[in-house]
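Asker: Contents are compact mmCIF, C-alpha atoms and all ligand atoms; file name my_file.txt:
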```
# COMPACT_ATOMS: atom_id res chain seq x y z
CA MET A 6 16.16 -30.54 -28.95
CA PRO A 7 18.38 -30.60 -25.86
CA ALA A 8 18.06 -27.81 -23.31
CA PRO A 9 20.44 -24.91 -23.97
CA THR A 10 23.44 -24.39 -21.75
CA LEU A 11 23.87 -21.24 -19.71
CA ALA A 12 26.59 -20.25 -22.21
CA ASP A 13 24.04 -20.54 -25.07
CA VAL A 14 21.49 -18.37 -23.24
CA LEU A 15 24.11 -15.81 -22.21
CA ALA A 16 25.30 -15.46 -25.81
CA ALA A 17 21.72 -14.73 -26.88
CA LEU A 18 21.17 -12.21 -24.08
CA ASP A 19 24.53 -10.51 -24.73
CA ALA A 20 23.30 -9.89 -28.29
CA LEU A 21 20.18 -8.15 -26.88
CA TRP A 22 22.11 -6.06 -24.36
CA PRO A 23 25.73 -5.89 -25.55
CA PRO A 24 27.94 -5.65 -22.43
CA GLU A 25 30.18 -3.12 -24.20
CA LEU A 26 27.27 -0.63 -24.10
CA ALA A 27 27.53 -0.50 -20.30
CA GLU A 28 29.02 2.54 -18.54
CA SER A 29 32.63 2.15 -17.43
CA TRP A 30 31.63 2.28 -13.72
CA ASP A 31 29.01 -0.43 -14.13
CA ALA A 32 29.22 -4.14 -13.23
CA VAL A 33 27.24 -6.15 -15.78
CA GLY A 34 27.42 -9.78 -16.87
CA LEU A 35 27.49 -13.13 -15.10
CA VAL A 36 27.81 -12.93 -11.30
CA CYS A 37 27.59 -16.66 -10.62
CA GLY A 38 26.66 -19.81 -12.50
CA ASP A 39 28.34 -22.60 -14.46
CA PRO A 40 28.32 -21.83 -18.20
CA SER A 41 28.05 -25.56 -19.00
CA ALA A 42 24.89 -26.04 -16.87
CA GLU A 43 21.58 -26.59 -18.67
CA VAL A 44 18.92 -23.86 -18.50
CA GLY A 45 15.19 -24.58 -18.58
CA ARG A 46 13.63 -21.82 -16.47
CA VAL A 47 14.53 -18.12 -16.25
CA LEU A 48 13.28 -15.46 -13.83
CA PHE A 49 13.52 -11.71 -14.56
CA ALA A 50 13.54 -9.06 -11.80
CA VAL A 51 14.79 -5.54 -11.13
CA ASP A 52 16.73 -6.19 -7.91
CA PRO A 53 18.92 -9.15 -6.86
CA VAL A 54 17.56 -9.04 -3.31
CA GLN A 55 16.89 -11.99 -0.99
CA GLU A 56 13.14 -12.01 -1.67
CA VAL A 57 13.77 -12.40 -5.41
CA VAL A 58 16.46 -15.04 -4.90
CA ASP A 59 14.07 -17.03 -2.68
CA GLU A 60 11.49 -16.79 -5.48
CA ALA A 61 14.02 -18.03 -8.05
CA VAL A 62 14.94 -21.03 -5.90
CA ARG A 63 11.27 -21.80 -5.19
CA LEU A 64 10.48 -21.67 -8.92
CA GLY A 65 13.37 -23.97 -9.76
CA ALA A 66 14.85 -21.28 -12.01
CA ASP A 67 18.26 -22.03 -13.50
CA LEU A 68 18.94 -18.38 -14.30
CA LEU A 69 17.95 -15.12 -12.62
CA VAL A 70 18.35 -12.01 -14.78
CA THR A 71 18.29 -8.71 -12.87
CA HIS A 72 18.65 -5.10 -13.96
CA HIS A 73 20.55 -3.92 -10.90
CA PRO A 74 24.01 -5.27 -10.05
CA LEU A 75 24.56 -7.32 -6.89
CA TYR A 76 28.09 -6.00 -6.44
CA LEU A 77 28.85 -2.63 -8.05
CA ARG A 78 32.24 -2.32 -6.34
CA GLY A 79 34.89 -4.87 -5.54
CA THR A 80 34.60 -7.18 -2.57
CA THR A 81 37.04 -9.43 -0.77
CA THR A 82 34.45 -11.81 0.65
CA VAL A 83 31.12 -13.44 -0.13
CA ALA A 84 30.73 -14.71 3.44
CA PRO A 85 27.11 -14.26 4.56
CA VAL A 86 28.18 -12.34 7.68
CA GLY A 87 29.02 -8.73 8.52
CA PRO A 88 27.51 -5.49 7.18
CA ALA A 89 27.40 -6.69 3.54
CA GLY A 90 26.55 -10.26 4.55
CA PHE A 91 23.15 -9.97 2.84
CA LYS A 92 24.97 -9.99 -0.50
CA GLY A 93 27.03 -13.02 0.51
CA ARG A 94 23.81 -14.74 1.55
CA VAL A 95 22.41 -14.10 -1.93
CA VAL A 96 25.53 -15.64 -3.52
CA HIS A 97 25.34 -18.72 -1.27
CA ASP A 98 21.62 -19.23 -1.86
CA LEU A 99 21.98 -18.80 -5.62
CA ILE A 100 24.82 -21.32 -5.90
CA ARG A 101 23.20 -23.80 -3.50
CA GLY A 102 19.93 -23.45 -5.40
CA GLY A 103 21.61 -23.95 -8.77
CA VAL A 104 20.57 -20.49 -9.98
CA ALA A 105 22.92 -18.43 -12.16
CA LEU A 106 22.75 -14.61 -11.86
CA LEU A 107 23.14 -12.32 -14.86
CA VAL A 108 23.09 -8.51 -14.58
CA ALA A 109 22.01 -6.33 -17.54
CA HIS A 110 22.12 -2.75 -16.25
CA THR A 111 23.29 0.29 -18.26
CA ASN A 112 23.80 -2.00 -21.28
CA ALA A 113 20.03 -2.70 -21.10
CA ASP A 114 19.39 1.04 -20.65
CA ARG A 115 21.22 1.89 -23.88
CA ALA A 116 20.06 -1.09 -25.96
CA ASP A 117 17.37 -1.01 -28.64
CA PRO A 118 14.86 -1.87 -27.31
CA GLY A 119 15.97 -0.88 -23.83
CA VAL A 120 14.64 -0.07 -20.38
CA SER A 121 13.13 3.27 -21.41
CA ASP A 122 11.33 1.70 -24.40
CA ALA A 123 9.57 -0.61 -21.96
CA LEU A 124 8.70 2.34 -19.71
CA ALA A 125 7.30 4.28 -22.69
CA ALA A 126 5.22 1.30 -23.82
CA ALA A 127 3.87 0.76 -20.30
CA VAL A 128 2.34 4.26 -20.26
CA ASP A 129 1.24 4.05 -23.91
CA LEU A 130 3.76 6.49 -25.42
CA ARG A 131 5.08 6.29 -29.00
CA VAL A 132 8.89 6.41 -29.05
CA THR A 133 10.42 8.71 -31.67
CA GLY A 134 14.10 8.22 -30.73
CA PRO A 135 16.68 8.25 -27.95
CA LEU A 136 16.98 11.26 -25.63
CA VAL A 137 20.79 10.97 -25.69
CA PRO A 138 21.75 9.08 -28.85
CA ASP A 139 24.67 6.64 -28.66
CA PRO A 140 27.31 8.09 -31.02
CA THR A 141 28.48 4.58 -31.94
CA ASP A 142 25.05 3.64 -33.35
CA PRO A 143 24.83 4.60 -37.03
CA GLU A 144 21.05 4.09 -36.99
CA GLY A 145 20.61 6.49 -34.04
CA ARG A 146 18.26 4.15 -32.17
CA ARG A 147 20.36 3.25 -29.14
CA GLY A 148 21.09 5.60 -26.27
CA LEU A 149 19.90 6.88 -22.91
CA GLY A 150 16.25 7.74 -22.33
CA ARG A 151 13.63 8.06 -25.05
CA LEU A 152 11.70 10.91 -26.66
CA CYS A 153 8.03 10.10 -27.07
CA GLU A 154 4.69 11.40 -28.29
CA LEU A 155 1.17 10.87 -27.02
CA ASP A 156 -1.41 9.77 -29.57
CA ALA A 157 -3.79 12.38 -28.13
CA PRO A 158 -2.84 15.26 -25.81
CA LEU A 159 -3.55 14.95 -22.09
CA THR A 160 -3.38 17.42 -19.25
CA LEU A 161 -0.44 16.96 -16.91
CA ALA A 162 -2.83 15.71 -14.22
CA GLU A 163 -4.27 13.14 -16.64
CA PHE A 164 -0.84 11.99 -17.77
CA ALA A 165 0.31 11.59 -14.16
CA ALA A 166 -2.83 9.61 -13.37
CA ARG A 167 -2.09 7.36 -16.35
CA ALA A 168 1.47 6.76 -15.12
CA ALA A 169 0.17 5.96 -11.63
CA ARG A 170 -2.38 3.55 -13.10
CA ASP A 171 -0.20 1.80 -15.69
CA LEU A 172 3.07 1.42 -13.80
CA PRO A 173 3.19 -1.24 -11.09
CA GLY A 174 1.90 0.00 -7.76
CA THR A 175 4.26 1.25 -5.06
CA ALA A 176 3.90 3.09 -1.76
CA ALA A 177 5.71 6.05 -3.29
CA GLY A 178 3.25 6.47 -6.15
CA VAL A 179 3.85 9.32 -8.61
CA ARG A 180 4.89 12.90 -7.76
CA VAL A 181 4.34 15.74 -10.18
CA ALA A 182 5.84 19.23 -10.55
CA GLY A 183 4.03 21.60 -12.88
CA ASP A 184 0.66 23.10 -13.79
CA PRO A 185 -1.90 20.27 -13.59
CA ASP A 186 -3.82 21.77 -16.53
CA ALA A 187 -0.77 22.07 -18.82
CA THR A 188 -1.16 20.26 -22.14
CA ILE A 189 1.17 17.28 -22.62
CA ARG A 190 1.90 16.17 -26.18
CA THR A 191 5.56 15.16 -25.97
CA VAL A 192 7.37 13.36 -23.15
CA ALA A 193 10.96 12.37 -22.43
CA VAL A 194 11.25 9.17 -20.39
CA CYS A 195 14.16 7.67 -18.52
CA GLY A 196 13.76 4.48 -16.49
CA GLY A 197 15.56 4.80 -13.14
CA SER A 198 17.34 7.93 -11.91
CA GLY A 199 17.01 10.66 -14.53
CA ASP A 200 18.18 13.85 -12.90
CA SER A 201 21.47 13.92 -14.80
CA LEU A 202 19.52 14.40 -18.04
CA PHE A 203 17.75 17.72 -17.37
CA ALA A 204 19.87 19.65 -19.88
CA GLU A 205 19.05 17.19 -22.67
CA VAL A 206 15.38 17.11 -21.69
CA ARG A 207 15.16 20.91 -21.80
CA ALA A 208 17.00 21.02 -25.13
CA ALA A 209 14.54 18.50 -26.56
CA GLY A 210 11.67 20.93 -25.84
CA VAL A 211 9.29 18.27 -24.52
CA ASP A 212 6.24 19.03 -22.39
CA ALA A 213 7.04 16.53 -19.60
CA PHE A 214 9.81 14.32 -18.22
CA LEU A 215 8.86 10.93 -16.74
CA THR A 216 11.64 9.42 -14.63
CA ALA A 217 12.52 8.57 -10.99
CA ASP A 218 14.62 9.64 -8.01
CA LEU A 219 14.41 13.38 -8.70
CA ARG A 220 16.10 15.31 -5.88
CA HIS A 221 15.09 18.71 -4.50
CA HIS A 222 17.80 20.90 -6.03
CA PRO A 223 17.92 19.55 -9.59
CA ALA A 224 14.10 19.41 -9.67
CA SER A 225 13.69 22.89 -8.21
CA GLU A 226 16.20 24.39 -10.63
CA ALA A 227 14.63 22.57 -13.56
CA ARG A 228 11.22 23.98 -12.66
CA GLN A 229 12.61 27.49 -12.25
CA ALA A 230 14.16 27.23 -15.71
CA GLY A 231 10.71 26.68 -17.24
CA PRO A 232 9.08 23.65 -18.91
CA PRO A 233 9.00 20.66 -18.91
CA ALA A 234 6.76 19.37 -16.14
CA LEU A 235 8.28 16.63 -13.99
CA VAL A 236 6.62 13.27 -13.36
CA ASP A 237 8.58 11.29 -10.77
CA ALA A 238 7.64 7.64 -10.19
CA ALA A 239 9.27 5.02 -7.97
CA HIS A 240 12.64 3.90 -9.36
CA TRP A 241 11.64 0.22 -9.27
CA ALA A 242 8.31 0.95 -11.00
CA THR A 243 9.99 2.73 -13.92
CA GLU A 244 12.31 -0.23 -14.56
CA TRP A 245 10.01 -3.16 -13.88
CA PRO A 246 8.34 -2.97 -17.36
CA TRP A 247 11.76 -3.93 -18.78
CA CYS A 248 11.46 -7.33 -17.07
CA GLU A 249 8.35 -8.17 -19.11
CA GLN A 250 9.93 -6.82 -22.29
CA ALA A 251 13.08 -8.89 -21.64
CA ALA A 252 11.11 -12.05 -20.89
CA GLY A 253 9.22 -11.57 -24.16
CA GLN A 254 12.50 -11.17 -26.05
CA LEU A 255 13.89 -14.37 -24.53
CA ASP A 256 10.62 -16.21 -25.33
CA GLU A 257 11.07 -15.28 -29.00
CA ILE A 258 14.69 -16.45 -29.00
CA SER A 259 13.66 -19.68 -27.30
CA ASP A 260 10.97 -20.32 -29.93
CA ARG A 261 13.42 -19.61 -32.74
CA HIS A 262 15.97 -22.09 -31.37
CA GLY A 263 13.43 -24.65 -30.16
CA TRP A 264 14.78 -24.29 -26.63
CA ASN A 265 11.44 -24.60 -24.83
CA LEU A 266 12.55 -22.19 -22.07
CA ARG A 267 10.07 -21.19 -19.35
CA THR A 268 10.31 -17.48 -18.52
CA HIS A 269 8.87 -15.74 -15.47
CA VAL A 270 8.75 -12.14 -14.27
CA SER A 271 8.95 -11.48 -10.53
CA ARG A 272 5.96 -9.59 -9.15
CA ALA A 273 7.74 -8.83 -5.88
CA VAL A 274 7.68 -5.09 -5.21
CA THR A 275 11.33 -4.44 -4.33
CA ASP A 276 11.09 -0.66 -4.17
CA PRO A 277 12.64 0.04 -0.76
CA TRP A 278 9.95 2.60 0.23
CA THR A 279 7.05 0.81 1.89
CA ILE A 280 4.84 3.53 3.40
CA HIS A 281 3.64 6.86 1.98
CA ALA A 282 2.02 9.17 4.53
CA PRO A 283 0.48 12.05 2.55
CA SER A 284 0.42 15.43 4.23
CA ASP A 285 -1.91 18.30 3.33
CA PRO A 286 -0.07 21.22 1.74
CA ALA A 287 -3.12 23.45 2.34
CA ALA A 288 -2.77 22.90 6.10
CA GLN A 289 0.67 24.36 6.39
CA GLN A 290 1.08 27.63 8.30
CA ALA A 291 4.10 29.56 9.35
CA PRO A 292 5.09 28.42 12.87
CA SER A 293 5.10 32.02 14.12
CA LEU A 294 1.40 32.37 13.22
CA ALA A 295 0.19 29.02 14.49
CA PRO A 296 2.29 27.30 17.13
CA ASN A 297 2.60 23.60 16.33
CA PRO A 298 1.71 21.60 19.46
CA ASN A 299 4.17 18.92 18.37
CA PHE A 300 7.06 21.38 18.63
CA PRO A 301 6.69 23.16 22.00
CA SER A 302 8.56 26.41 22.39
CA SER A 303 11.38 26.61 24.95
CA SER A 304 9.10 28.36 27.48
CA THR A 305 6.67 25.44 27.65
CA GLY A 306 9.16 22.97 29.03
CA ALA A 307 11.21 20.06 27.82
CA PRO A 308 10.37 18.35 24.55
CA ARG A 309 8.17 15.34 24.97
ZN ZN A 401 17.79 1.41 -11.76
```
Before anything else, please render the file you have as structure tokens.
Answerer:
Amino acid sequence: MPAPTLADVLAALDALWPPELAESWDAVGLVCGDPSAEVGRVLFAVDPVQEVVDEAVRLGADLLVTHHPLYLRGTTTVAPVGPAGFKGRVVHDLIRGGVALLVAHTNADRADPGVSDALAAAVDLRVTGPLVPDPTDPEGRRGLGRLCELDAPLTLAEFAARAARDLPGTAAGVRVAGDPDATIRTVAVCGGSGDSLFAEVRAAGVDAFLTADLRHHPASEARQAGPPALVDAAHWATEWPWCEQAAGQLDEISDRHGWNLRTHVSRAVTDPWTIHAPSDPAAQQAPSLAPNPNFPSSSTGAPR
């Protein structure tokens, strides 16, 4: 059986994550690569950053599949110079290394199975359906986020510890908002930034929401409005399980077609946050009660 062409592999992957499911603002699909080229080795990763491209070239991959787009907006140059030269460098290195780049972003979020199914499976949750069903899906299985159940209830502290243990490690770790002793039976999950889905999460009546990138105001207002508890992991960590799911899906397709593809999942931690310096909330005191030596008052002279 001859090796498949890039066009063959793309057709198979487009069936898994139909490009028409992507949001209108998104930029999914083939970024570079010759559709007539043969494909033998495929690398999956979350981010099309230099470290991952270097890994793809080193591996001899013919195709790199990433979740995040390289270019989300238009560009007039792929020169590897200037403020966005790092993206041009990626394009040059991919083409020189014979590596095609395919992006499956919000189409992979909405697909069945999608990014949030992989997140749910990673923390051992049973998916019962989408959080925001796709109205074009008569079976009601596609959509944004997933509603899930735990096989046995956990406290919020235990569930957060499970997420921290089962998702890939990052400096950011997992932040939690809520009563640590609260009982968690049902969870909404959304891989990547989930703070646009608070209304749907509240309407679903779940005990907790596992997602990423929660900002102060939406999180504060969500907590003031009552349950659910919030479990906020690193963006990259919530989407990385999709890479393994996607590689497994392509392995199955390869077996079915006799393609003999080699699939790999990048282990590079491409979350941009690299250091987490915990502070002690119990140590905080109002500055008027306990002057902070690091912030001298105006009478003690110039700041150091
Ligand atoms: Zn993302």
Asker: Residues within 10 Å of stretch 49-66 of chain A, please, as an MDAnalysis selection string. Count all atoms listed in the file; anything in the same chain fewer than 2 positions from it doesn't count.
Answerer: chainID A and resid 44:47 68:76 91:92 94:96 98:110 240:252 267:276
Asker: Fewer than 2 positions away in the same chain doesn't count, so skip those; otherwise give me all residues within 7 Å of stretch 125-141 of chain A, counting all atoms listed in the file, as JSON, numbers by chain.
Answerer: {"A": [121, 122, 123, 143, 145, 146, 147, 148, 149, 150, 151, 152, 153, 154, 155, 167, 168, 171, 172, 193, 194, 205, 246]}
Asker: Which residue gives the smallest distance to ligand ZN 401 (chain A) among A:Pro7, A:Gly38, A:Gly199, A:Gly93, with all atoms listed in the file counted?
Answerer: A:Gly199
Asker: Excluding A:Ala213 and residues on its chain fewer than 6 positions from it, collect all residues at most 10 Å away from it, counting only C-alpha atoms, and give them as number ranges by chain.
Answerer: A: 153, 161, 164-165, 181-183, 187-194, 206-207, 232-236
Asker: With only C-alpha atoms as the counted atoms, please give the residues lying no more than 7 Å from stretch 10-25 of chain A, apart from itself and same-chain residues fewer than 5 positions off, as a PyMOL selection string.
Answerer: chain A and resi 33-34+40-44+109+112-113+116
Asker: Record the distance separating atom CA of A:Ala282 and atom CA of A:Glu226, expressed in Å with one decimal.
Answerer: 25.7 Å
Asker: What gap, in Å, lies between atom CA of A:Ser29 and atom CA of A:Gly79?
Answerer: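 Interatomic distance, atom CA of A:Ser29 to atom CA of A:Gly79: 14.0 Å.
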Asker: To one decimal in Å, tell me the separation between atom CA of A:Glu28 and atom CA of A:Ser225.
Answerer: 27.5 Å
Asker: So, with only C-alpha atoms and all ligand atoms as the atoms that count, which of A:Gly178, A:Pro286, A:Pro185, A:Gly197 lies closest to ligand ZN 401 (chain A)?
Answerer: A:Gly197
Asker: Select all residues near (7.8, 6.4, -7.4) (cut-off 7 Å, inclusive, file coordinates), counting only C-alpha atoms, and output them as a PyMOL selection string.
Answerer: chain A and resi 175+177-179+217+237-240+242
Asker: Looking at A:Gly87, A:Phe203, A:Asp117, A:Leu77, which one is nearest to A:Glu144, with distances taken over only C-alpha atoms?
Answerer: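 Looking at the shortest contact to A:Glu144, the residue is A:Asp117.
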Asker: In terms of the shortest atom-to-atom distance over only C-alpha atoms and all ligand atoms, which of A:Gln254, A:Thr160, A:Thr80, A:Thr216 is closest to ligand ZN 401 (chain A)?
Answerer: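 Checking each candidate against ligand ZN 401 (chain A), we get A:Thr216 as the closest.
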Asker: Here is a test: counting only C-alpha atoms and all ligand atoms, which residue of A:Pro118, A:Pro173, A:Gly90, A:Gly196 is nearest to ligand ZN 401 (chain A)?
Answerer: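 Checking each of A:Pro118, A:Pro173, A:Gly90, A:Gly196 against ligand ZN 401 (chain A), counting only C-alpha atoms and all ligand atoms, the winner is A:Gly196.
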Asker: Of the candidates A:Thr111, A:Ala32, A:Pro9, A:Cys37, which one gets nearest to ligand ZN 401 (chain A) if we count all atoms listed in the file?
Answerer: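 So, comparing all the options, the nearest one is A:Thr111.
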